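Asker: Structure: final-v5.txt, compact mmCIF, C-alpha atoms.
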# COMPACT_ATOMS: atom_id res chain seq x y z
CA MET A 4 19.20 16.99 -40.24
CA LEU A 5 16.77 14.22 -39.36
CA ARG A 6 18.96 13.27 -36.42
CA ILE A 7 19.03 16.85 -35.16
CA LEU A 8 15.26 17.05 -35.42
CA SER A 9 14.88 13.75 -33.59
CA VAL A 10 17.12 14.91 -30.75
CA ALA A 11 15.18 18.16 -30.54
CA LEU A 12 11.90 16.26 -30.36
CA VAL A 13 13.18 13.99 -27.60
CA VAL A 14 14.41 16.95 -25.56
CA THR A 15 11.15 18.80 -26.10
CA ALA A 16 9.13 15.77 -25.11
CA LEU A 17 11.12 15.23 -21.92
CA VAL A 18 10.49 18.60 -20.37
CA VAL A 19 7.44 20.69 -21.04
CA PRO A 20 7.67 24.35 -20.08
CA SER A 21 5.20 25.16 -17.33
CA ALA A 22 2.50 27.51 -18.52
CA ALA A 23 2.22 29.02 -15.08
CA SER A 24 5.85 29.85 -14.50
CA ALA A 25 8.87 31.47 -16.03
CA ALA A 26 10.37 29.95 -19.15
CA LYS A 27 13.16 28.25 -17.19
CA VAL A 28 10.82 26.11 -15.10
CA GLU A 29 10.47 22.64 -16.52
CA THR A 30 7.87 20.04 -15.71
CA LEU A 31 8.53 16.33 -15.79
CA LYS A 32 6.71 14.69 -18.65
CA SER A 33 3.73 12.76 -17.36
CA PHE A 34 3.54 9.00 -17.49
CA LYS A 35 1.03 6.23 -17.12
CA LEU A 36 2.71 3.13 -15.76
CA LYS A 37 1.60 0.02 -13.95
CA THR A 38 2.34 -0.98 -10.39
CA PRO A 39 3.61 -4.56 -9.90
CA ASP A 40 -0.03 -5.39 -9.07
CA GLY A 41 -1.16 -4.15 -12.48
CA VAL A 42 -2.75 -0.86 -11.41
CA ASP A 43 -2.22 2.16 -13.67
CA ARG A 44 -0.62 5.19 -12.07
CA THR A 45 0.06 8.57 -13.63
CA LEU A 46 2.50 11.22 -12.50
CA SER A 47 -0.45 13.18 -11.10
CA ASP A 48 -1.44 10.16 -9.02
CA VAL A 49 1.94 9.99 -7.32
CA LEU A 50 2.68 13.69 -6.82
CA GLY A 51 3.16 14.60 -3.17
CA SER A 52 1.45 17.59 -1.66
CA LYS A 53 4.81 19.33 -1.27
CA ALA A 54 7.48 17.39 -3.15
CA THR A 55 8.07 14.22 -5.14
CA LEU A 56 11.20 12.21 -5.77
CA VAL A 57 11.04 10.11 -8.93
CA VAL A 58 13.90 7.64 -9.10
CA PHE A 59 14.69 5.48 -12.14
CA PHE A 60 16.34 2.21 -11.16
CA PHE A 61 16.50 -1.53 -11.68
CA PRO A 62 16.73 -4.16 -8.95
CA THR A 63 20.21 -5.48 -9.79
CA CYS A 64 21.75 -2.00 -10.02
CA PRO A 65 24.39 -1.94 -7.26
CA TYR A 66 24.32 1.84 -6.83
CA CYS A 67 20.55 1.80 -6.53
CA ASN A 68 20.83 -0.82 -3.83
CA ALA A 69 23.44 1.31 -2.10
CA ALA A 70 21.27 4.42 -2.24
CA PHE A 71 17.83 3.04 -1.54
CA PRO A 72 18.08 2.30 2.19
CA SER A 73 18.66 6.00 2.79
CA VAL A 74 15.93 6.93 0.29
CA GLN A 75 13.54 4.63 2.15
CA LYS A 76 14.47 6.46 5.37
CA LEU A 77 13.75 9.80 3.76
CA TYR A 78 10.37 8.44 2.67
CA ASP A 79 9.59 7.18 6.17
CA THR A 80 10.65 10.47 7.73
CA TYR A 81 9.10 12.99 5.38
CA LYS A 82 6.01 11.43 3.82
CA VAL A 83 3.88 12.88 6.61
CA ARG A 84 5.17 16.32 5.60
CA GLY A 85 4.08 15.94 1.99
CA LEU A 86 6.95 14.03 0.36
CA SER A 87 6.08 11.35 -2.19
CA ILE A 88 8.67 8.99 -3.63
CA VAL A 89 8.27 6.60 -6.52
CA TRP A 90 10.83 4.20 -7.95
CA ILE A 91 10.46 3.40 -11.64
CA ASN A 92 12.06 0.21 -12.92
CA VAL A 93 13.75 0.82 -16.29
CA VAL A 94 14.73 -2.76 -17.13
CA PRO A 95 11.48 -4.52 -18.01
CA ASP A 96 12.94 -8.02 -17.81
CA GLU A 97 13.74 -7.38 -14.14
CA ALA A 98 10.11 -6.63 -13.26
CA ARG A 99 9.75 -10.23 -12.09
CA LEU A 100 12.42 -9.59 -9.44
CA ILE A 101 10.74 -6.62 -7.84
CA ALA A 102 8.36 -8.29 -5.38
CA GLY A 103 11.13 -10.42 -3.88
CA TRP A 104 13.55 -7.52 -3.89
CA GLN A 105 11.08 -5.31 -1.98
CA THR A 106 10.47 -8.02 0.57
CA GLN A 107 14.16 -8.79 0.98
CA HIS A 108 15.00 -5.17 1.76
CA GLY A 109 11.79 -4.20 3.51
CA TYR A 110 11.10 -1.42 1.03
CA THR A 111 7.72 0.28 1.11
CA VAL A 112 8.42 3.04 -1.40
CA PRO A 113 5.95 2.54 -4.28
CA VAL A 114 7.37 1.00 -7.44
CA LEU A 115 6.17 1.44 -11.00
CA LEU A 116 7.11 -0.67 -13.97
CA GLY A 117 8.78 1.32 -16.74
CA LYS A 118 8.44 0.34 -20.38
CA GLY A 119 11.19 -0.26 -22.91
CA SER A 120 10.82 3.34 -24.03
CA THR A 121 11.00 4.83 -20.53
CA PRO A 122 14.80 5.39 -20.39
CA MET A 123 14.78 7.32 -23.65
CA GLU A 124 11.71 9.33 -22.72
CA TYR A 125 13.33 10.50 -19.48
CA LYS A 126 16.92 10.61 -20.73
CA VAL A 127 17.98 7.87 -18.33
CA ARG A 128 21.30 6.40 -19.43
CA MET A 129 22.43 5.30 -16.01
CA THR A 130 20.97 4.47 -12.66
CA PRO A 131 20.02 5.65 -10.20
CA THR A 132 18.73 8.81 -11.87
CA HIS A 133 16.35 10.95 -9.90
CA TYR A 134 14.17 13.98 -10.42
CA LEU A 135 13.08 16.02 -7.43
CA LEU A 136 9.80 17.79 -8.18
CA ASN A 137 7.75 20.39 -6.39
CA ALA A 138 4.02 20.06 -5.80
CA ARG A 139 3.30 21.15 -9.37
CA GLY A 140 5.62 18.56 -10.89
CA GLU A 141 8.24 21.15 -11.77
CA ILE A 142 11.79 19.87 -11.78
CA LEU A 143 13.87 21.20 -8.90
CA GLU A 144 16.82 18.87 -9.46
CA LYS A 145 17.98 16.04 -11.68
CA LYS A 146 20.85 13.85 -10.58
CA ASP A 147 22.56 10.76 -11.95
CA GLY A 148 24.43 8.21 -9.86
CA PHE A 149 25.11 7.79 -6.19
CA SER A 150 28.12 8.34 -3.98
CA PRO A 151 28.16 7.95 -0.21
CA GLY A 152 27.16 11.31 1.24
CA ASP A 153 24.74 12.11 -1.57
CA GLU A 154 21.88 11.22 0.75
CA LYS A 155 22.68 14.25 2.92
CA THR A 156 22.52 16.62 -0.03
CA LEU A 157 19.32 14.99 -1.17
CA GLU A 158 17.76 15.39 2.28
CA GLN A 159 18.70 19.08 2.32
CA ASN A 160 17.10 19.58 -1.09
CA ILE A 161 13.99 17.69 -0.02
CA LEU A 162 13.72 19.83 3.10
CA LYS A 163 13.99 22.99 1.00
CA ALA A 164 11.22 21.70 -1.24
CA LEU A 165 9.02 20.78 1.71
CA GLU A 166 9.50 24.17 3.31
CA SER A 167 8.90 26.24 0.20
CA MET B 15 20.21 -17.04 -37.73
CA ALA B 16 19.73 -17.78 -41.38
CA LEU B 17 21.28 -20.19 -43.80
CA THR B 18 21.86 -18.62 -47.16
CA ALA B 19 20.67 -20.73 -50.05
CA ALA B 20 23.01 -21.85 -52.78
CA ALA B 21 21.57 -19.55 -55.34
CA ALA B 22 21.99 -16.50 -53.17
CA THR B 23 24.97 -14.31 -53.64
CA ILE B 24 27.13 -13.47 -50.67
CA ALA B 25 26.77 -9.78 -50.07
CA ALA B 26 29.69 -9.56 -47.73
CA VAL B 27 31.97 -11.90 -45.90
CA GLU B 28 32.54 -10.39 -42.50
CA PRO B 29 34.15 -12.76 -40.02
CA VAL B 30 35.20 -9.87 -37.77
CA VAL B 31 32.88 -7.29 -36.26
CA THR B 32 33.82 -4.35 -34.07
CA ARG B 33 31.40 -2.49 -31.86
CA LYS B 34 32.02 0.60 -29.76
CA THR B 35 29.50 1.42 -27.07
CA PRO B 36 29.58 4.24 -24.52
CA HIS B 37 31.14 1.79 -22.04
CA LEU B 38 33.49 -0.49 -23.96
CA THR B 39 34.81 -1.59 -27.32
CA PHE B 40 34.78 -5.16 -28.50
CA THR B 41 35.88 -7.08 -31.53
CA ALA B 42 34.21 -10.40 -32.21
CA ALA B 43 36.08 -12.58 -34.66
CA LEU B 44 35.59 -16.08 -35.98
CA SER B 45 38.66 -18.25 -36.27
CA SER B 46 38.01 -18.82 -39.97
CA ASP B 47 36.28 -17.00 -42.75
CA VAL B 48 35.05 -20.28 -44.18
CA ALA B 49 32.90 -23.04 -42.73
CA ARG B 50 33.46 -26.70 -43.54
CA SER B 51 31.25 -29.59 -42.60
CA HIS B 52 32.23 -31.17 -39.29
CA SER B 53 34.79 -28.50 -38.47
CA GLN B 54 35.39 -26.46 -35.36
CA LEU B 55 35.31 -22.70 -35.18
CA THR B 56 36.08 -20.41 -32.28
CA LEU B 57 34.40 -17.10 -31.73
CA THR B 58 36.82 -14.80 -29.95
CA LEU B 59 35.53 -11.69 -28.26
CA ASN B 60 38.19 -9.12 -27.39
CA VAL B 61 36.66 -6.67 -24.95
CA ALA B 62 38.22 -3.42 -23.75
CA PRO B 63 36.22 -1.64 -21.05
CA ASN B 64 36.57 2.14 -21.07
CA LYS B 65 38.80 3.64 -18.41
CA GLY B 66 37.11 3.44 -15.01
CA VAL B 67 34.40 1.08 -16.26
CA HIS B 68 33.92 -2.51 -15.15
CA VAL B 69 31.63 -5.21 -16.45
CA TYR B 70 30.49 -8.11 -14.33
CA ALA B 71 32.00 -11.58 -14.60
CA PRO B 72 30.33 -14.93 -13.93
CA GLY B 73 29.89 -15.64 -10.25
CA SER B 74 28.52 -12.23 -9.37
CA THR B 75 24.92 -11.57 -8.48
CA TYR B 76 24.83 -9.06 -11.32
CA ARG B 77 24.54 -9.62 -15.06
CA ALA B 78 27.75 -11.20 -16.27
CA ILE B 79 28.91 -10.36 -19.76
CA ALA B 80 27.74 -13.07 -22.13
CA VAL B 81 27.66 -13.94 -25.79
CA THR B 82 24.39 -15.53 -26.84
CA LEU B 83 24.26 -16.95 -30.34
CA ASP B 84 20.95 -17.57 -32.02
CA PRO B 85 20.05 -21.22 -32.63
CA ASN B 86 21.16 -22.62 -35.98
CA PRO B 87 20.60 -26.25 -37.00
CA LEU B 88 24.04 -26.30 -38.61
CA LEU B 89 25.91 -25.15 -35.54
CA SER B 90 26.43 -26.42 -32.07
CA ILE B 91 27.41 -23.69 -29.65
CA GLY B 92 29.70 -24.61 -26.77
CA MET B 93 30.10 -23.04 -23.37
CA THR B 94 31.80 -19.67 -23.27
CA ARG B 95 35.29 -19.78 -21.79
CA TYR B 96 35.90 -16.87 -19.46
CA PRO B 97 39.28 -15.62 -18.26
CA GLN B 98 40.16 -15.01 -14.65
CA SER B 99 38.30 -11.99 -13.33
CA SER B 100 39.33 -9.35 -10.82
CA ILE B 101 37.61 -8.71 -7.54
CA TYR B 102 36.00 -5.32 -7.18
CA PHE B 103 35.15 -4.20 -3.67
CA PHE B 104 31.99 -2.18 -3.72
CA ALA B 105 32.27 -0.25 -0.49
CA PRO B 106 28.69 1.10 -0.20
CA LEU B 107 27.34 -2.46 -0.06
CA LYS B 108 30.51 -3.95 1.42
CA GLU B 109 30.54 -6.62 -1.24
CA SER B 110 33.28 -8.12 -3.36
CA VAL B 111 32.22 -8.94 -6.88
CA PRO B 112 34.05 -10.52 -9.81
CA VAL B 113 34.49 -8.05 -12.66
CA TYR B 114 36.55 -7.28 -15.72
CA ASN B 115 38.04 -3.81 -15.67
CA GLU B 116 40.94 -4.40 -18.07
CA PRO B 117 40.90 -5.81 -21.61
CA PHE B 118 39.89 -9.46 -21.65
CA ILE B 119 39.01 -12.23 -24.06
CA LEU B 120 36.03 -14.57 -24.20
CA ARG B 121 36.07 -17.65 -26.40
CA VAL B 122 33.07 -19.57 -27.65
CA PRO B 123 33.58 -22.93 -29.39
CA VAL B 124 31.31 -23.51 -32.37
CA ALA B 125 31.01 -26.93 -33.97
CA VAL B 126 29.85 -26.99 -37.56
CA GLY B 127 27.61 -29.92 -38.48
CA ALA B 128 26.92 -31.39 -41.89
CA ILE B 129 26.38 -28.54 -44.32
CA PRO B 130 23.85 -29.49 -47.01
CA ARG B 131 25.06 -29.46 -50.57
CA GLY B 132 24.25 -26.26 -52.36
CA THR B 133 24.75 -24.12 -49.30
CA SER B 134 27.13 -21.30 -50.09
CA ALA B 135 27.29 -19.35 -46.86
CA VAL B 136 26.45 -19.55 -43.21
CA ARG B 137 25.23 -16.60 -41.25
CA MET B 138 25.65 -16.49 -37.50
CA SER B 139 23.99 -13.94 -35.32
CA GLY B 140 23.53 -13.22 -31.68
CA VAL B 141 23.99 -10.64 -29.00
CA VAL B 142 26.63 -9.57 -26.54
CA LYS B 143 24.97 -8.69 -23.24
CA TYR B 144 26.60 -6.93 -20.35
CA GLN B 145 26.05 -4.67 -17.39
CA ALA B 146 28.67 -1.96 -16.88
CA CYS B 147 29.27 0.38 -13.99
CA ASP B 148 31.89 2.91 -13.02
CA ASP B 149 32.69 4.23 -9.56
CA ARG B 150 29.47 6.24 -9.31
CA VAL B 151 26.78 4.90 -11.61
CA CYS B 152 25.56 1.80 -13.35
CA PHE B 153 24.68 2.05 -16.98
CA LEU B 154 21.59 0.36 -18.28
CA PRO B 155 22.16 -3.29 -19.20
CA GLN B 156 23.15 -3.50 -22.85
CA SER B 157 22.38 -5.99 -25.58
CA VAL B 158 24.53 -5.45 -28.66
CA PRO B 159 23.64 -7.39 -31.81
CA VAL B 160 26.42 -9.08 -33.76
CA ALA B 161 26.35 -11.12 -36.94
CA TRP B 162 28.78 -12.83 -39.26
CA THR B 163 28.49 -14.33 -42.68
CA ILE B 164 31.05 -16.87 -43.73
CA SER B 165 31.30 -18.77 -46.92
CA VAL B 166 31.14 -22.53 -47.15
CA ALA B 167 34.21 -24.46 -48.31
CA ARG B 168 34.04 -28.03 -49.57
Is it possible to give me this structure as structure tokens?
Answerer:
Amino acid sequence: MLRILSVALVVTALVVPSAASAAKVETLKSFKLKTPDGVDRTLSDVLGSKATLVVFFFPTCPYCNAAFPSVQKLYDTYKVRGLSIVWINVVPDEARLIAGWQTQHGYTVPVLLGKGSTPMEYKVRMTPTHYLLNARGEILEKKDGFSPGDEKTLEQNILKALES
Amino acid sequence: MALTAAAATIAAVEPVVTRKTPHLTFTAALSSDVARSHSQLTLTLNVAPNKGVHVYAPGSTYRAIAVTLDPNPLLSIGMTRYPQSSIYFFAPLKESVPVYNEPFILRVPVAVGAIPRGTSAVRMSGVVKYQACDDRVCFLPQSVPVAWTISVAR
């Protein structure tokens, strides 16, 4: 019984029904995390004017490294149209790798440092896991993993969000 | 890692532990259920990755599977012996990485030092760490605790 209650609490905490929308619309739980430079950032701080892609990753995740060049391109292409992207590291002991990793790959997408509890709070069991949000932080899509070609689907979904 | 005092009772002698995770199953067994002064033990880790899952082997840029035993003044932990790995070609990054994607065995030599008189049991503890992926995702790096308690023989 305790386990069932715990699971229910975790699920409830992950997605909070939006007060402004229908019952099915879910909003990503807010966070307050540090940048590699030690600055606090909340979800509100990183929301784009039209859409936001929140990606959970860690630097030595091969599939993240396969996906991120195309995600960086999406960021470069669509940030002027209101797209925000943030990458959240979910393996705290890899935080020390991030600065070098960004430099090595030329990434400019903002990175936040997740805590030990972050994977559980956002139901991240694998990486990359992303949430695509609208301007109000409502979840339009959640996806785990990466296969070649996924970047095209992601771009289409981002375009839909930007145009809505 | 704790050394059980002579007066303590041995709650359980468990030289073999089995752990099942969402990515693999492993059995970690000591070569003996008793420890003698100046003897050699071997910790054998039988690992079976789930179908379609691979874990990284030494020599890759990723986190290789490893057994890390906690320091114990009675024990001297040797280097882990790894079997031959397979090469996994990761097409999206065009890289070839050493992995284990079939059952494999790791062995860790453990030398037992002089066990003080009155010591009735030795407890060993540590973690098995690995990073597992399948053909679409990587799972979060795992750290699985393991522990054994073996009695002392004179």
Asker: Please identify all residues of chain A having at least one atom at most 8 Å from any atom of chain B, considering all atoms listed in the file, and return them as a list in words.
Answerer: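 So the contacting residues turn out to be Thr63, Cys64, Pro65, Tyr66, Asn68, Ala69, Val94, Arg128, Met129, Thr130, Pro131, Asp147, Gly148, Phe149, Ser150 and Pro151 of chain A.
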Asker: Counting only C-alpha atoms, figure out which residue out of A:Ala138, A:Ser167, A:Thr111, A:Ala98 gets nearest to A:Gln75.
Answerer: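 Selected residue with least distance to A:Gln75: A:Thr111.
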Asker: What lies within 6 Å of B:Ala167 using only C-alpha atoms, ignoring chain neighbours under 5 positions off, as a ChimeraX atom specification?
Answerer: /B:48-50
Asker: So, counting only C-alpha atoms, which residue among A:Ile101, A:Leu136, A:Ile91, A:Leu31 is closest to A:Asn160?
Answerer: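 Among A:Ile101, A:Leu136, A:Ile91, A:Leu31, it is A:Leu136 that comes nearest to A:Asn160.
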Asker: What does the structure give for the distance between atom CA of B:Tyr102 and atom CA of A:Gln105, in Å to one decimal?
Answerer: 25.5 Å
Asker: Residues at most 10 Å from B:Ala78, counting only C-alpha atoms, excluding those fewer than 5 positions away in the same chain, as a list of chain:residue names?
Answerer: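 With the cut-off at 10 Å, the set is B:Val69, B:Tyr70, B:Ala71, B:Pro72, B:Gly73, B:Pro112, B:Val113, B:Tyr114, B:Lys143, B:Tyr144, B:Gln145, B:Ala146.
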Asker: Taking only C-alpha atoms into account, which of A:Val28, A:Cys67, A:Leu36, A:Val127 comes nearest A:Glu154?
Answerer: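 Smallest distance to A:Glu154 is found for A:Cys67.
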Asker: I want to know what sits within 12 Å of B:Thr82, based on only C-alpha atoms, with residues of the same chain fewer than 6 positions away left out; could you give that as a compact mmCIF listing (two decimals) with C-alpha atoms, keeping the file's coordinate frame?
Answerer:
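Wrote part-v3.txt, looks like this:
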# COMPACT_ATOMS: atom_id res chain seq x y z
CA MET B 15 20.21 -17.04 -37.73
CA LEU B 57 34.40 -17.10 -31.73
CA LEU B 59 35.53 -11.69 -28.26
CA ILE B 91 27.41 -23.69 -29.65
CA GLY B 92 29.70 -24.61 -26.77
CA MET B 93 30.10 -23.04 -23.37
CA THR B 94 31.80 -19.67 -23.27
CA LEU B 120 36.03 -14.57 -24.20
CA ARG B 121 36.07 -17.65 -26.40
CA VAL B 122 33.07 -19.57 -27.65
CA VAL B 124 31.31 -23.51 -32.37
CA MET B 138 25.65 -16.49 -37.50
CA SER B 139 23.99 -13.94 -35.32
CA GLY B 140 23.53 -13.22 -31.68
CA VAL B 141 23.99 -10.64 -29.00
CA VAL B 142 26.63 -9.57 -26.54
CA LYS B 143 24.97 -8.69 -23.24
CA TYR B 144 26.60 -6.93 -20.35
CA SER B 157 22.38 -5.99 -25.58
CA VAL B 158 24.53 -5.45 -28.66
CA PRO B 159 23.64 -7.39 -31.81
CA VAL B 160 26.42 -9.08 -33.76
CA ALA B 161 26.35 -11.12 -36.94
Asker: Which polymer residues have any atom within 12 Å of an atom of A:Thr38, counting only C-alpha atoms, with same-chain residues fewer than 4 positions away left out, as a list of chain:residue names?
Answerer: A:Val42, A:Asp43, A:Arg44, A:Thr45, A:Asp48, A:Val49, A:Val89, A:Trp90, A:Ile91, A:Asn92, A:Ala98, A:Arg99, A:Ile101, A:Ala102, A:Val112, A:Pro113, A:Val114, A:Leu115, A:Leu116, A:Gly117, A:Lys118
Asker: What's the separation between atom CA of A:Tyr125 and atom CA of A:Leu162, in Å to one decimal place?
Answerer: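 Computing the Euclidean distance for atom CA of A:Tyr125 and atom CA of A:Leu162 yields 24.4 Å.
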Asker: Excluding A:Asn137 and its own-chain neighbours fewer than 3 positions away, which residues fall within 7 Å of it when counting only C-alpha atoms? Please give them as a ChimeraX atom specification.
Answerer: /A:53-55,140-143,164
Asker: Return the single residue from A:Gln159, A:Lys32, A:Glu166, A:His108 that is closest to A:Pro72, with distances computed using all atoms listed in the file.
Answerer: A:His108
Asker: So the first atom is atom CA of A:Gly41 and the second is atom CA of A:Lys76; what is the distance between them in Å, to one decimal place?
Answerer: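 Atom-to-atom, atom CA of A:Gly41 to atom CA of A:Lys76, that is 26.0 Å.
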Asker: Emit as lines of an AutoDock Vina configuration file the padded axis-aligned box for all listed atoms of stretch 158-162 of chain B, 6 Å per side, with centre and edge lengths in Å to one decimal.
Answerer:
center_x = 26.2
center_y = -9.1
center_z = -34.0
size_x = 17.1
size_y = 19.4
size_z = 22.6
Asker: Some atoms are absent from stretch 74-87 of chain B, so rebuild N, CA and C atoms and return them as an mmCIF file, in the frame of the given file.
Answerer:
data_model
loop_
_atom_site.group_PDB
_atom_site.id
_atom_site.type_symbol
_atom_site.label_atom_id
_atom_site.label_comp_id
_atom_site.auth_asym_id
_atom_site.auth_seq_id
_atom_site.Cartn_x
_atom_site.Cartn_y
_atom_site.Cartn_z
ATOM 1 N N SER B 74 29.065 -13.371 -10.105
ATOM 2 C CA SER B 74 28.520 -12.230 -9.370
ATOM 3 C C SER B 74 27.004 -12.359 -9.352
ATOM 4 N N THR B 75 26.387 -11.565 -8.506
ATOM 5 C CA THR B 75 24.920 -11.570 -8.480
ATOM 6 C C THR B 75 24.370 -10.641 -9.553
ATOM 7 N N TYR B 76 25.250 -9.983 -10.276
ATOM 8 C CA TYR B 76 24.830 -9.060 -11.320
ATOM 9 C C TYR B 76 24.900 -9.757 -12.677
ATOM 10 N N ARG B 77 24.595 -9.006 -13.729
ATOM 11 C CA ARG B 77 24.540 -9.620 -15.060
ATOM 12 C C ARG B 77 25.949 -9.762 -15.630
ATOM 13 N N ALA B 78 26.407 -10.968 -15.712
ATOM 14 C CA ALA B 78 27.750 -11.200 -16.270
ATOM 15 C C ALA B 78 27.721 -10.994 -17.779
ATOM 16 N N ILE B 79 28.823 -10.504 -18.303
ATOM 17 C CA ILE B 79 28.910 -10.360 -19.760
ATOM 18 C C ILE B 79 28.748 -11.735 -20.394
ATOM 19 N N ALA B 80 28.018 -11.779 -21.485
ATOM 20 C CA ALA B 80 27.740 -13.070 -22.130
ATOM 21 C C ALA B 80 27.539 -12.883 -23.622
ATOM 22 N N VAL B 81 27.939 -13.903 -24.353
ATOM 23 C CA VAL B 81 27.660 -13.940 -25.790
ATOM 24 C C VAL B 81 26.575 -14.989 -25.983
ATOM 25 N N THR B 82 25.485 -14.585 -26.579
ATOM 26 C CA THR B 82 24.390 -15.530 -26.840
ATOM 27 C C THR B 82 24.178 -15.609 -28.339
ATOM 28 N N LEU B 83 24.440 -16.773 -28.902
ATOM 29 C CA LEU B 83 24.260 -16.950 -30.340
ATOM 30 C C LEU B 83 22.890 -17.552 -30.616
ATOM 31 N N ASP B 84 22.273 -17.071 -31.659
ATOM 32 C CA ASP B 84 20.950 -17.570 -32.020
ATOM 33 C C ASP B 84 21.048 -19.028 -32.480
ATOM 34 N N PRO B 85 20.020 -19.817 -32.211
ATOM 35 C CA PRO B 85 20.050 -21.220 -32.630
ATOM 36 C C PRO B 85 20.194 -21.347 -34.151
ATOM 37 N N ASN B 86 20.977 -22.321 -34.556
ATOM 38 C CA ASN B 86 21.160 -22.620 -35.980
ATOM 39 C C ASN B 86 21.327 -24.121 -36.098
ATOM 40 N N PRO B 87 20.519 -24.780 -36.915
ATOM 41 C CA PRO B 87 20.600 -26.250 -37.000
ATOM 42 C C PRO B 87 21.955 -26.749 -37.488
#
